[in-house]
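This is data.cif. It holds mmCIF, C-alpha atoms, pLDDT in the B column; chains and numbers go by the auth columns.
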```cif
data_protein
loop_
_atom_site.group_PDB
_atom_site.id
_atom_site.type_symbol
_atom_site.label_atom_id
_atom_site.label_comp_id
_atom_site.label_asym_id
_atom_site.label_seq_id
_atom_site.Cartn_x
_atom_site.Cartn_y
_atom_site.Cartn_z
_atom_site.B_iso_or_equiv
_atom_site.auth_seq_id
_atom_site.auth_asym_id
ATOM 1 C CA MET A 1 -14.420 38.611 116.276 70.00 1 A
ATOM 2 C CA ASP A 2 -14.827 42.311 115.596 87.00 2 A
ATOM 3 C CA ALA A 3 -12.451 45.040 116.779 91.00 3 A
ATOM 4 C CA VAL A 4 -14.576 45.930 119.821 91.00 4 A
ATOM 5 C CA GLN A 5 -14.623 42.304 121.000 90.00 5 A
ATOM 6 C CA GLN A 6 -10.884 41.973 120.382 92.00 6 A
ATOM 7 C CA GLU A 7 -10.220 45.101 122.428 93.00 7 A
ATOM 8 C CA ALA A 8 -12.458 43.871 125.277 92.00 8 A
ATOM 9 C CA THR A 9 -10.689 40.496 125.281 93.00 9 A
ATOM 10 C CA ALA A 10 -7.254 42.131 125.287 92.00 10 A
ATOM 11 C CA ARG A 11 -8.323 44.367 128.196 92.00 11 A
ATOM 12 C CA ALA A 12 -9.691 41.372 130.141 92.00 12 A
ATOM 13 C CA ARG A 13 -6.436 39.471 129.649 92.00 13 A
ATOM 14 C CA GLU A 14 -4.444 42.500 130.806 91.00 14 A
ATOM 15 C CA LEU A 15 -6.612 42.760 133.917 90.00 15 A
ATOM 16 C CA GLN A 16 -6.096 39.039 134.528 90.00 16 A
ATOM 17 C CA ARG A 17 -2.340 39.576 134.236 87.00 17 A
ATOM 18 C CA SER A 18 -2.466 42.318 136.878 85.00 18 A
ATOM 19 C CA TRP A 19 -4.763 40.337 139.206 86.00 19 A
ATOM 20 C CA TYR A 20 -3.410 36.800 138.806 86.00 20 A
ATOM 21 C CA GLY A 21 0.095 37.311 137.399 85.00 21 A
ATOM 22 C CA GLU A 22 -0.808 36.027 133.930 88.00 22 A
ATOM 23 C CA PRO A 23 -3.861 35.559 131.707 92.00 23 A
ATOM 24 C CA LEU A 24 -6.107 32.838 133.109 94.00 24 A
ATOM 25 C CA GLY A 25 -6.066 30.947 129.802 94.00 25 A
ATOM 26 C CA ALA A 26 -2.314 30.354 130.167 92.00 26 A
ATOM 27 C CA LEU A 27 -2.592 29.577 133.883 92.00 27 A
ATOM 28 C CA PHE A 28 -5.467 27.103 133.413 96.00 28 A
ATOM 29 C CA ARG A 29 -3.799 25.408 130.406 94.00 29 A
ATOM 30 C CA ARG A 30 -0.662 24.900 132.496 91.00 30 A
ATOM 31 C CA LEU A 31 -2.706 23.370 135.341 93.00 31 A
ATOM 32 C CA ILE A 32 -4.473 21.100 132.845 93.00 32 A
ATOM 33 C CA ASP A 33 -1.123 19.953 131.416 91.00 33 A
ATOM 34 C CA ASP A 34 0.746 19.669 134.722 89.00 34 A
ATOM 35 C CA LEU A 35 -2.024 17.817 136.552 92.00 35 A
ATOM 36 C CA GLY A 36 -3.290 15.694 133.659 90.00 36 A
ATOM 37 C CA LEU A 37 -6.780 17.195 133.672 92.00 37 A
ATOM 38 C CA ASN A 38 -9.292 18.153 131.040 93.00 38 A
ATOM 39 C CA GLN A 39 -11.279 21.394 131.159 93.00 39 A
ATOM 40 C CA ALA A 40 -14.366 19.719 132.637 93.00 40 A
ATOM 41 C CA ARG A 41 -12.352 18.170 135.503 94.00 41 A
ATOM 42 C CA LEU A 42 -10.542 21.468 136.171 95.00 42 A
ATOM 43 C CA ALA A 43 -13.879 23.302 136.278 95.00 43 A
ATOM 44 C CA ALA A 44 -15.261 20.699 138.714 94.00 44 A
ATOM 45 C CA VAL A 45 -12.240 20.920 141.037 94.00 45 A
ATOM 46 C CA LEU A 46 -12.380 24.721 141.028 95.00 46 A
ATOM 47 C CA GLY A 47 -16.129 24.828 141.565 93.00 47 A
ATOM 48 C CA LEU A 48 -16.830 26.653 138.316 93.00 48 A
ATOM 49 C CA SER A 49 -19.219 25.769 135.534 92.00 49 A
ATOM 50 C CA ALA A 50 -17.545 24.614 132.328 91.00 50 A
ATOM 51 C CA PRO A 51 -18.892 27.675 130.435 93.00 51 A
ATOM 52 C CA MET A 52 -17.509 30.036 133.109 93.00 52 A
ATOM 53 C CA LEU A 53 -14.098 28.367 132.911 95.00 53 A
ATOM 54 C CA SER A 54 -14.186 28.731 129.135 94.00 54 A
ATOM 55 C CA GLN A 55 -15.131 32.428 129.384 94.00 55 A
ATOM 56 C CA LEU A 56 -12.280 33.083 131.819 94.00 56 A
ATOM 57 C CA MET A 57 -9.814 31.211 129.602 95.00 57 A
ATOM 58 C CA SER A 58 -10.871 33.047 126.445 94.00 58 A
ATOM 59 C CA GLY A 59 -10.889 36.483 128.071 92.00 59 A
ATOM 60 C CA GLN A 60 -14.658 36.959 127.711 91.00 60 A
ATOM 61 C CA ARG A 61 -14.668 37.398 131.496 91.00 61 A
ATOM 62 C CA ALA A 62 -11.814 38.968 133.405 91.00 62 A
ATOM 63 C CA LYS A 63 -12.295 38.185 137.089 91.00 63 A
ATOM 64 C CA ILE A 64 -13.002 35.157 139.208 91.00 64 A
ATOM 65 C CA GLY A 65 -15.793 36.468 141.392 85.00 65 A
ATOM 66 C CA ASN A 66 -15.608 33.875 144.161 87.00 66 A
ATOM 67 C CA PRO A 67 -12.613 34.153 146.539 88.00 67 A
ATOM 68 C CA ALA A 68 -12.888 30.424 147.349 89.00 68 A
ATOM 69 C CA VAL A 69 -12.282 29.638 143.665 92.00 69 A
ATOM 70 C CA VAL A 70 -9.208 31.904 143.691 90.00 70 A
ATOM 71 C CA GLN A 71 -7.933 29.966 146.708 91.00 71 A
ATOM 72 C CA ARG A 72 -8.521 26.666 144.885 93.00 72 A
ATOM 73 C CA VAL A 73 -6.571 27.996 141.885 93.00 73 A
ATOM 74 C CA GLN A 74 -3.676 28.853 144.213 90.00 74 A
ATOM 75 C CA ALA A 75 -3.879 25.427 145.862 92.00 75 A
ATOM 76 C CA LEU A 76 -3.782 23.740 142.438 94.00 76 A
ATOM 77 C CA GLN A 77 -0.775 25.851 141.426 91.00 77 A
ATOM 78 C CA GLU A 78 1.028 24.726 144.572 90.00 78 A
ATOM 79 C CA LEU A 79 0.036 21.105 143.908 92.00 79 A
ATOM 80 C CA ALA A 80 1.252 21.328 140.290 89.00 80 A
ATOM 81 C CA GLY A 81 4.639 22.525 141.569 87.00 81 A
ATOM 82 C CA GLN A 82 4.805 19.604 143.988 89.00 82 A
ATOM 83 C CA VAL A 83 3.970 17.145 141.198 87.00 83 A
ATOM 84 C CA ALA A 84 6.636 18.756 138.997 84.00 84 A
ATOM 85 C CA ASP A 85 9.341 18.506 141.679 83.00 85 A
ATOM 86 C CA GLY A 86 8.376 14.915 142.497 86.00 86 A
ATOM 87 C CA SER A 87 7.319 15.534 146.101 88.00 87 A
ATOM 88 C CA VAL A 88 3.732 14.447 145.278 88.00 88 A
ATOM 89 C CA SER A 89 2.855 11.436 143.115 88.00 89 A
ATOM 90 C CA ALA A 90 0.106 11.427 140.489 83.00 90 A
ATOM 91 C CA VAL A 91 -2.065 9.248 142.759 86.00 91 A
ATOM 92 C CA GLU A 92 -1.538 11.594 145.716 91.00 92 A
ATOM 93 C CA ALA A 93 -2.310 14.556 143.442 91.00 93 A
ATOM 94 C CA THR A 94 -5.673 13.039 142.541 90.00 94 A
ATOM 95 C CA ASP A 95 -6.531 12.661 146.230 91.00 95 A
ATOM 96 C CA ARG A 96 -5.351 16.209 146.954 93.00 96 A
ATOM 97 C CA MET A 97 -7.483 17.575 144.091 94.00 97 A
ATOM 98 C CA ASP A 98 -10.519 15.930 145.687 90.00 98 A
ATOM 99 C CA GLU A 99 -9.629 17.670 148.978 91.00 99 A
ATOM 100 C CA ILE A 100 -9.134 21.009 147.194 92.00 100 A
ATOM 101 C CA LYS A 101 -12.521 20.620 145.494 91.00 101 A
ATOM 102 C CA LYS A 102 -14.186 20.264 148.918 88.00 102 A
ATOM 103 C CA THR A 103 -12.613 23.388 150.452 82.00 103 A
ATOM 104 C CA GLN A 104 -14.988 26.259 151.004 73.00 104 A
ATOM 105 C CA GLY A 105 -12.375 29.006 151.234 58.00 105 A
ATOM 106 C CA GLY A 106 -12.860 31.694 153.802 48.00 106 A
ATOM 107 C CA SER A 107 -10.846 31.689 156.994 38.00 107 A
ATOM 108 C CA VAL A 108 -7.526 29.962 157.488 37.00 108 A
ATOM 109 C CA LEU A 109 -8.981 27.870 160.301 33.00 109 A
ATOM 110 C CA SER A 110 -12.320 26.117 160.387 34.00 110 A
ATOM 111 C CA ASN A 111 -14.397 25.906 163.565 33.00 111 A
ATOM 112 C CA SER A 112 -12.473 22.826 164.630 33.00 112 A
ATOM 113 C CA GLY A 113 -9.171 24.704 164.501 34.00 113 A
ATOM 114 C CA GLN A 114 -8.033 22.633 161.555 35.00 114 A
ATOM 115 C CA THR A 115 -7.135 23.805 158.087 37.00 115 A
ATOM 116 C CA PRO A 116 -9.911 23.358 155.509 39.00 116 A
ATOM 117 C CA THR A 117 -8.364 20.076 154.350 40.00 117 A
ATOM 118 C CA GLY A 118 -8.011 18.808 157.918 40.00 118 A
ATOM 119 C CA SER A 119 -4.226 18.519 157.771 41.00 119 A
ATOM 120 C CA GLY A 120 -3.508 20.103 161.175 42.00 120 A
ATOM 121 C CA ALA A 121 -2.118 23.534 161.957 47.00 121 A
ATOM 122 C CA PRO A 122 -1.893 25.879 158.981 59.00 122 A
ATOM 123 C CA THR A 123 1.513 26.219 157.394 76.00 123 A
ATOM 124 C CA VAL A 124 3.136 29.634 157.061 80.00 124 A
ATOM 125 C CA LYS A 125 2.712 29.370 153.314 80.00 125 A
ATOM 126 C CA ARG A 126 -1.010 28.660 153.660 77.00 126 A
ATOM 127 C CA VAL A 127 -1.481 31.620 156.021 81.00 127 A
ATOM 128 C CA VAL A 128 0.440 33.866 153.613 83.00 128 A
ATOM 129 C CA ARG A 129 -1.641 32.677 150.655 80.00 129 A
ATOM 130 C CA GLU A 130 -4.840 33.408 152.600 80.00 130 A
ATOM 131 C CA ILE A 131 -3.629 36.958 153.255 86.00 131 A
ATOM 132 C CA GLN A 132 -2.620 37.378 149.608 82.00 132 A
ATOM 133 C CA SER A 133 -5.935 35.996 148.394 78.00 133 A
ATOM 134 C CA LEU A 134 -7.901 38.330 150.629 80.00 134 A
ATOM 135 C CA LEU A 135 -5.965 41.416 149.535 83.00 135 A
ATOM 136 C CA ARG A 136 -6.131 40.436 145.866 78.00 136 A
ATOM 137 C CA SER A 137 -9.867 39.783 146.052 76.00 137 A
ATOM 138 C CA VAL A 138 -10.356 43.351 147.303 78.00 138 A
ATOM 139 C CA SER A 139 -8.158 45.167 144.798 81.00 139 A
ATOM 140 C CA ALA A 140 -5.890 44.720 141.789 81.00 140 A
ATOM 141 C CA ALA A 141 -2.118 44.611 142.309 81.00 141 A
ATOM 142 C CA GLY A 142 -1.618 48.007 140.652 86.00 142 A
ATOM 143 C CA ASP A 143 -4.129 49.638 142.989 89.00 143 A
ATOM 144 C CA ILE A 144 -2.486 48.009 145.999 91.00 144 A
ATOM 145 C CA ILE A 145 0.906 49.390 144.905 92.00 145 A
ATOM 146 C CA ASP A 146 -0.653 52.849 144.472 94.00 146 A
ATOM 147 C CA ALA A 147 -2.094 52.641 147.994 94.00 147 A
ATOM 148 C CA ALA A 148 1.287 51.508 149.347 94.00 148 A
ATOM 149 C CA ASP A 149 3.014 54.441 147.654 96.00 149 A
ATOM 150 C CA THR A 150 0.487 56.809 149.233 96.00 150 A
ATOM 151 C CA LEU A 151 1.035 55.300 152.695 95.00 151 A
ATOM 152 C CA ALA A 152 4.832 55.007 152.461 95.00 152 A
ATOM 153 C CA PRO A 153 5.795 58.484 153.729 96.00 153 A
ATOM 154 C CA SER A 154 3.703 58.277 156.903 96.00 154 A
ATOM 155 C CA HIS A 155 3.338 54.512 157.447 95.00 155 A
ATOM 156 C CA PRO A 156 6.273 52.679 155.822 93.00 156 A
ATOM 157 C CA GLU A 157 5.574 49.356 157.591 94.00 157 A
ATOM 158 C CA LEU A 158 1.989 49.242 156.325 94.00 158 A
ATOM 159 C CA ALA A 159 3.169 50.198 152.846 94.00 159 A
ATOM 160 C CA GLU A 160 5.673 47.342 152.906 94.00 160 A
ATOM 161 C CA PHE A 161 2.952 44.930 154.049 93.00 161 A
ATOM 162 C CA LEU A 162 0.678 45.969 151.173 93.00 162 A
ATOM 163 C CA ARG A 163 3.471 45.663 148.608 92.00 163 A
ATOM 164 C CA VAL A 164 4.718 42.283 149.833 91.00 164 A
ATOM 165 C CA TYR A 165 1.355 40.576 150.355 90.00 165 A
ATOM 166 C CA GLY A 166 -0.749 42.473 147.818 87.00 166 A
ATOM 167 C CA ALA A 167 1.549 42.411 144.824 86.00 167 A
ATOM 168 C CA GLY A 168 4.627 40.364 145.718 85.00 168 A
ATOM 169 C CA ARG A 169 5.509 36.726 145.234 85.00 169 A
ATOM 170 C CA THR A 170 4.503 34.154 147.810 83.00 170 A
ATOM 171 C CA ALA A 171 8.146 33.380 148.673 84.00 171 A
ATOM 172 C CA GLU A 172 8.760 37.056 149.512 88.00 172 A
ATOM 173 C CA ALA A 173 5.630 37.165 151.654 87.00 173 A
ATOM 174 C CA VAL A 174 6.639 33.967 153.506 86.00 174 A
ATOM 175 C CA ALA A 175 10.046 35.494 154.279 88.00 175 A
ATOM 176 C CA HIS A 176 8.355 38.714 155.480 89.00 176 A
ATOM 177 C CA TYR A 177 5.910 36.763 157.649 87.00 177 A
ATOM 178 C CA GLU A 178 8.662 34.678 159.226 85.00 178 A
ATOM 179 C CA ALA A 179 10.834 37.764 159.868 87.00 179 A
ATOM 180 C CA HIS A 180 7.968 39.465 161.737 83.00 180 A
ATOM 181 C CA GLN A 181 6.833 36.539 163.889 73.00 181 A
ATOM 182 C CA ASN A 182 8.909 37.438 166.947 58.00 182 A
#
```
Re-express the file's structure as structure tokens.
Amino acid sequence: MDAVQQEATARARELQRSWYGEPLGALFRRLIDDLGLNQARLAAVLGLSAPMLSQLMSGQRAKIGNPAVVQRVQALQELAGQVADGSVSAVEATDRMDEIKKTQGGSVLSNSGQTPTGSGAPTVKRVVREIQSLLRSVSAAGDIIDAADTLAPSHPELAEFLRVYGAGRTAEAVAHYEAHQN
């Protein structure tokens, strides 16, 4: 790899870090390890071609262009955490991955009023992740923070919303959401 390619790859990985919290290669390798997948199965669950997954992992491409795929990545991260803490078995995880694969993304509720996986009313965490996914599909975390800083003097509540949901951790956003429900 020549110096220009190395620089482009380093830049793509840095963009991935700002958009997704870490380079996608590290994130996808962790999902593969935690969920017992191979790259082809991960690509299938996410709805990506194997070459696209490889390009994202290697830093040849920086951004996941499809918001539904970003939502599936987030759902797999949540599932991997549940497998790690023992709240979901390996067999259940396989079934859940099949459900995740079928989700189309988009709105929190489908036409039937159910969540995309048909599990009833959306959880606070799912609603928060939808909001985060939407904001992060529109702009990078650094740009969202810049916008929040610009808004802060005149609209502090909106600035806080952008910071929490656009660049914060899901746990912080869940706490914010719950605090503002009443």
### Task
Can you work out which one of A:Gly21, A:Gly86, A:Pro67, A:Gly47 has the shortest atom-to-atom distance to A:Asp98, counting all atoms listed in the file?
A:Gly47
### Task
Enumerate, as a ChimeraX atom specification, the protein, DNA and RNA residues whose atoms approach (-7.7, 35.7, 133.9) to within 12 Å, taking into account all atoms listed in the file and the coordinate frame of the file.
/A:9-29,52-65,70,73
Could you write those residues out with C-alpha atoms, as a compact mmCIF listing (two decimals), in the coordinates of the input?
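Generated file (again-v3.txt):
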```
# COMPACT_ATOMS: atom_id res chain seq x y z
CA THR A 9 -10.69 40.50 125.28
CA ALA A 10 -7.25 42.13 125.29
CA ARG A 11 -8.32 44.37 128.20
CA ALA A 12 -9.69 41.37 130.14
CA ARG A 13 -6.44 39.47 129.65
CA GLU A 14 -4.44 42.50 130.81
CA LEU A 15 -6.61 42.76 133.92
CA GLN A 16 -6.10 39.04 134.53
CA ARG A 17 -2.34 39.58 134.24
CA SER A 18 -2.47 42.32 136.88
CA TRP A 19 -4.76 40.34 139.21
CA TYR A 20 -3.41 36.80 138.81
CA GLY A 21 0.10 37.31 137.40
CA GLU A 22 -0.81 36.03 133.93
CA PRO A 23 -3.86 35.56 131.71
CA LEU A 24 -6.11 32.84 133.11
CA GLY A 25 -6.07 30.95 129.80
CA ALA A 26 -2.31 30.35 130.17
CA LEU A 27 -2.59 29.58 133.88
CA PHE A 28 -5.47 27.10 133.41
CA ARG A 29 -3.80 25.41 130.41
CA MET A 52 -17.51 30.04 133.11
CA LEU A 53 -14.10 28.37 132.91
CA SER A 54 -14.19 28.73 129.14
CA GLN A 55 -15.13 32.43 129.38
CA LEU A 56 -12.28 33.08 131.82
CA MET A 57 -9.81 31.21 129.60
CA SER A 58 -10.87 33.05 126.44
CA GLY A 59 -10.89 36.48 128.07
CA GLN A 60 -14.66 36.96 127.71
CA ARG A 61 -14.67 37.40 131.50
CA ALA A 62 -11.81 38.97 133.40
CA LYS A 63 -12.30 38.18 137.09
CA ILE A 64 -13.00 35.16 139.21
CA GLY A 65 -15.79 36.47 141.39
CA VAL A 70 -9.21 31.90 143.69
CA VAL A 73 -6.57 28.00 141.88
```
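Proximity to A:Val88 at 12 Å, evaluated using all atoms listed in the file and with sequence-adjacent residues fewer than 6 positions away removed, yields Leu35, Glu78, Leu79, Ala80, Gly81, Gln82, Thr94, Asp95, Arg96 and Met97 of chain A.
Nearest residue to A:Glu130, choosing from A:Ser87, A:Thr103, A:Thr170, A:Gln71 and counting all atoms listed in the file: A:Gln71.
With the shown file loaded, the PyMOL selection byres ((chain A and resi 143-147) around 8) picks out Ser139, Ala140, Ala141, Gly142, Ala148, Asp149, Thr150, Leu151, Ala159, Leu162, Arg163, Gly166 and Ala167 of chain A.
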### Message
For a cutoff of 12 Å around the file-coordinate point (-13.0, 20.2, 138.1), which residues qualify once you count all atoms listed in the file? I'd like the result as a ChimeraX atom specification.
### Response
/A:28,31-32,35-50,52-53,69,72-73,76,94,97-102
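Coordinates place atom CA of A:Gln74 at a distance of 9.8 Å from atom CA of A:Arg126.
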### Query
Could you work out how far atom CA of A:Val128 lies from atom CA of A:Ala173, giving the answer in Å with one decimal?
6.5 Å
